[in-house]
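Here is target.cif, consisting of mmCIF, C-alpha atoms:
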data_upload
loop_
_atom_site.label_atom_id
_atom_site.label_comp_id
_atom_site.auth_asym_id
_atom_site.auth_seq_id
_atom_site.Cartn_x
_atom_site.Cartn_y
_atom_site.Cartn_z
CA ASP O 1 0.00 0.00 0.00
CA GLY O 2 1.04 3.65 -0.30
CA ALA O 3 2.12 4.02 3.34
CA GLN O 4 4.32 0.92 3.19
CA MET O 5 5.81 2.04 -0.12
CA CYS O 6 6.75 5.38 1.40
CA ARG O 7 8.59 3.67 4.24
CA THR O 8 10.74 1.56 1.92
CA MET O 9 11.40 3.74 -1.16
CA ALA O 10 14.30 5.78 0.23
CA PRO O 11 17.15 5.37 2.69
CA GLN O 12 15.52 7.35 5.49
CA ARG O 13 12.68 9.54 6.63
CA LEU O 14 14.04 13.03 7.14
CA THR O 15 13.70 14.35 10.70
CA GLY O 16 14.17 17.65 12.51
CA LEU O 17 11.65 19.35 10.22
CA SER O 18 9.59 22.39 11.14
CA ALA O 19 6.29 23.53 9.62
CA GLU O 20 4.22 26.67 9.18
CA ALA O 21 0.78 27.15 7.65
CA ASP O 22 -1.32 29.98 6.26
CA TYR O 23 -4.14 29.05 8.64
CA GLU O 24 -4.58 26.91 11.75
CA LYS O 25 -7.94 25.82 13.18
CA GLY O 26 -7.74 26.71 16.86
CA GLU O 27 -4.89 26.77 19.35
CA ASP O 28 -4.42 22.98 19.42
CA ASN O 29 -4.07 22.58 15.65
CA HIS O 30 -0.52 23.57 14.75
CA ALA O 31 1.16 22.89 11.41
CA GLU O 32 3.89 20.78 13.02
CA GLN O 33 1.28 18.18 14.03
CA ALA O 34 1.31 16.97 10.40
CA LEU O 35 4.98 16.01 10.86
CA THR O 36 4.50 13.51 13.70
CA GLN O 37 4.26 9.75 13.21
CA ASN O 38 0.86 9.72 14.95
CA ILE O 39 -2.03 9.97 12.45
CA ASP O 40 -4.24 11.35 15.24
CA ASP O 41 -2.01 14.47 15.27
CA THR O 42 -3.54 16.40 12.40
CA TRP O 43 -3.01 19.91 11.11
CA ASN O 44 -6.28 21.46 9.94
CA ALA O 45 -6.54 24.86 8.24
CA GLY O 46 -10.16 25.21 9.29
CA ARG O 47 -11.13 26.29 5.79
CA ALA O 48 -11.11 25.18 2.17
CA PRO O 49 -9.22 27.03 -0.57
CA THR O 50 -11.14 29.46 -2.73
CA PRO O 51 -10.38 30.42 -6.35
CA GLY O 52 -7.18 32.46 -6.35
CA ASN O 53 -6.60 31.84 -2.62
CA PRO O 54 -4.79 28.49 -2.11
CA ILE O 55 -3.85 27.20 1.34
CA SER O 56 -0.23 26.25 2.01
CA LEU O 57 1.67 24.11 4.48
CA THR O 58 5.40 24.89 4.39
CA VAL O 59 8.00 22.43 5.70
CA THR O 60 11.56 23.59 6.40
CA LEU O 61 14.46 21.16 6.65
CA PRO O 62 17.06 21.64 9.39
CA GLY O 63 20.51 23.12 8.89
CA ASN O 64 21.91 25.60 6.42
CA GLN O 65 22.71 23.22 3.57
CA PRO O 66 20.18 21.79 1.10
CA THR O 67 19.16 18.20 1.76
CA PHE O 68 18.55 15.69 -1.02
CA ILE O 69 14.81 14.94 -1.02
CA ASP O 70 13.91 11.70 -2.77
CA HIS O 71 10.14 11.88 -2.34
CA LEU O 72 7.23 13.23 -0.31
CA CYS O 73 4.40 11.22 1.24
CA LEU O 74 1.03 12.76 2.10
CA LEU O 75 -1.85 11.40 4.18
CA PRO O 76 -4.95 13.60 3.84
CA TYR O 77 -7.51 14.15 6.55
CA GLN O 78 -10.55 14.80 4.44
CA VAL O 79 -14.34 14.96 4.66
CA PRO O 80 -15.99 14.25 2.25
CA THR O 81 -13.82 11.16 2.14
CA SER O 82 -13.52 10.82 -1.63
CA ALA O 83 -13.21 14.03 -3.59
CA ALA O 84 -11.39 15.71 -6.46
CA THR O 85 -8.50 17.81 -5.14
CA HIS O 86 -5.66 19.83 -6.65
CA HIS O 87 -2.32 20.29 -4.87
CA LYS O 88 0.97 21.80 -6.04
CA VAL O 89 4.33 20.94 -4.48
CA TYR O 90 7.22 23.40 -4.55
CA VAL O 91 10.84 22.93 -3.46
CA ASP O 92 12.60 26.23 -2.82
CA ASP O 93 9.81 28.00 -4.77
CA GLU O 94 10.22 25.76 -7.86
CA LEU O 95 7.15 23.75 -8.88
CA VAL O 96 8.07 20.03 -8.75
CA ALA O 97 4.62 18.38 -8.82
CA ASP O 98 1.07 19.24 -9.87
CA LEU O 99 -1.27 16.69 -8.27
CA GLN O 100 -4.87 16.49 -9.48
CA GLY O 101 -7.25 13.64 -8.74
CA ALA O 102 -9.43 11.96 -6.19
CA THR O 103 -8.11 11.73 -2.64
CA ARG O 104 -9.63 9.93 0.34
CA HIS O 105 -9.56 10.37 4.10
CA HIS O 106 -6.59 8.55 5.67
CA HIS O 107 -5.69 6.89 2.36
CA PRO O 108 -2.06 7.65 1.46
CA MET O 109 -1.60 9.55 -1.76
CA ASP O 110 0.91 8.12 -4.23
CA PRO O 111 4.48 9.07 -3.28
CA VAL O 112 5.49 12.36 -4.89
CA PRO O 113 8.94 12.10 -6.53
CA ILE O 114 11.18 15.09 -5.76
CA GLY O 115 14.69 13.93 -6.73
CA ARG O 116 16.55 17.11 -5.88
CA PRO O 117 18.15 18.95 -2.97
CA GLY O 118 16.23 21.66 -1.18
CA ARG O 119 15.57 23.48 2.09
CA VAL O 120 11.87 24.38 1.92
CA VAL O 121 8.94 22.28 0.67
CA ARG O 122 5.55 23.95 0.22
CA ILE O 123 2.36 21.96 -0.29
CA GLU O 124 -0.23 24.28 -1.78
CA THR O 125 -3.86 23.15 -1.98
CA VAL O 126 -5.48 24.91 -4.93
CA SER O 127 -8.90 23.26 -4.80
CA SER O 128 -10.74 20.91 -2.46
CA PRO O 129 -14.35 20.61 -1.28
CA SER O 130 -12.93 19.87 2.17
CA TRP O 131 -11.08 21.97 4.69
CA VAL O 132 -7.36 21.53 4.06
CA ALA O 133 -5.92 19.10 6.62
CA TRP O 134 -2.99 16.66 6.67
CA SER O 135 -2.60 13.75 9.09
CA GLN O 136 0.94 13.08 7.90
CA VAL O 137 3.49 14.86 5.76
CA GLN O 138 6.75 12.94 5.42
CA LEU O 139 9.91 13.67 3.46
CA PHE O 140 12.37 10.93 2.54
CA GLY O 141 15.93 11.37 1.32
CA ASN O 142 19.54 11.66 2.42
CA ALA O 143 20.36 13.91 5.33
CA PRO O 144 23.56 15.93 4.76
CA ALA O 145 26.71 14.62 6.38
CA PRO O 146 27.80 16.50 9.52
CA ALA O 147 30.21 19.33 8.81
CA ALA O 148 33.87 18.55 9.46
CA ASN O 149 35.44 20.39 12.41
#

So, in terms of structure tokens, how does the structure I just supplied come out?
Amino acid sequence: DGAQMCRTMAPQRLTGLSAEADYEKGEDNHAEQALTQNIDDTWNAGRAPTPGNPISLTVTLPGNQPTFIDHLCLLPYQVPTSAATHHKVYVDDELVADLQGATRHHHPMDPVPIGRPGRVVRIETVSSPSWVAWSQVQLFGNAPAPAAN
């Protein structure tokens, strides 16, 4: 399944990430909750995108050097459970994926190939009948080697 494929496609899940969002639904709904391994920790924007007003979740990798990102895995939290959505993925402000199709609540989306180094990944939801919410956002790749002293 998609979740298992995400775990085995690349050498490692990248850690030490931070996240910010355009909107957060309430005080207990922070963007970084989408980065945990617990699918009950969900970030929810509390609103759906409108034409010309997408909703973004931005993930920043640690350190000062770009990290090679192999792929991105996304687990939507979505009601209605099966709906047509449109998401765009940017790495360092360069469009790397344009995802359009049906997504379902707690059903992993296909892994999104990135295949390049970067520091900032932005997931922009352009259209969805649902509030924008992610149960899991995971990046896989090769963490940079520690700097020599």

- Query: Given the file above and the PyMOL selection byres ((chain O and resi 137) around 12), which residues are selected, and can you give them as an MDAnalysis selection string?
  - Reply: chainID O and resid 3 6 13:15 17:19 31:39 41:43 57:60 71:77 89 106 108:109 111:112 121:123 133:136 138:140

- Please evaluate the PyMOL selection byres ((chain O and resi 81) around 10) against the displayed coordinates and give the resulting residues as number ranges by chain. O: 76-80, 82-83, 102-107, 130

- Any chance you could resolve the PyMOL selection byres ((chain O and resi 55) around 6) against this file and give the residues as number ranges by chain? O: 49, 54, 56, 124-125

Quick one: write out the picked residues with C-alpha atoms as a JSON list (two decimals), keeping the file's coordinate frame?
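The resulting file, part.json, is shown below:
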[["chain", "number", "residue", "atom", "x", "y", "z"],
["O", 49, "PRO", "CA", -9.22, 27.03, -0.57],
["O", 54, "PRO", "CA", -4.79, 28.49, -2.11],
["O", 56, "SER", "CA", -0.23, 26.25, 2.01],
["O", 124, "GLU", "CA", -0.23, 24.28, -1.78],
["O", 125, "THR", "CA", -3.86, 23.15, -1.98]]

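Minimum atom-to-atom distance to O:His87, evaluated using only C-alpha atoms, belongs to O:Gly101 out of O:Gln65, O:Pro117, O:Asn44, O:Gly101.
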
- Item | Nearest residue to O:Glu24 from the set O:Phe68, O:Lys88, O:Gly46, O:Val120 (distances using only C-alpha atoms) | O:Gly46

- Message: To one decimal place in Å, what is the distance between atom CA of O:Ala143 and atom CA of O:Leu99?
- Response: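 About the pair atom CA of O:Ala143 and atom CA of O:Leu99: they are 25.7 Å apart.
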
- Item | Minimum-distance residue to O:Asn53, chosen among O:Asp28, O:Asp93, O:Asp110, O:Asp22 (using only C-alpha atoms) |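 Of the candidates, the smallest distance to O:Asn53 is held by O:Asp22.
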
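Atom CA of O:Ala45 is positioned 5.4 Å from atom CA of O:Val132.
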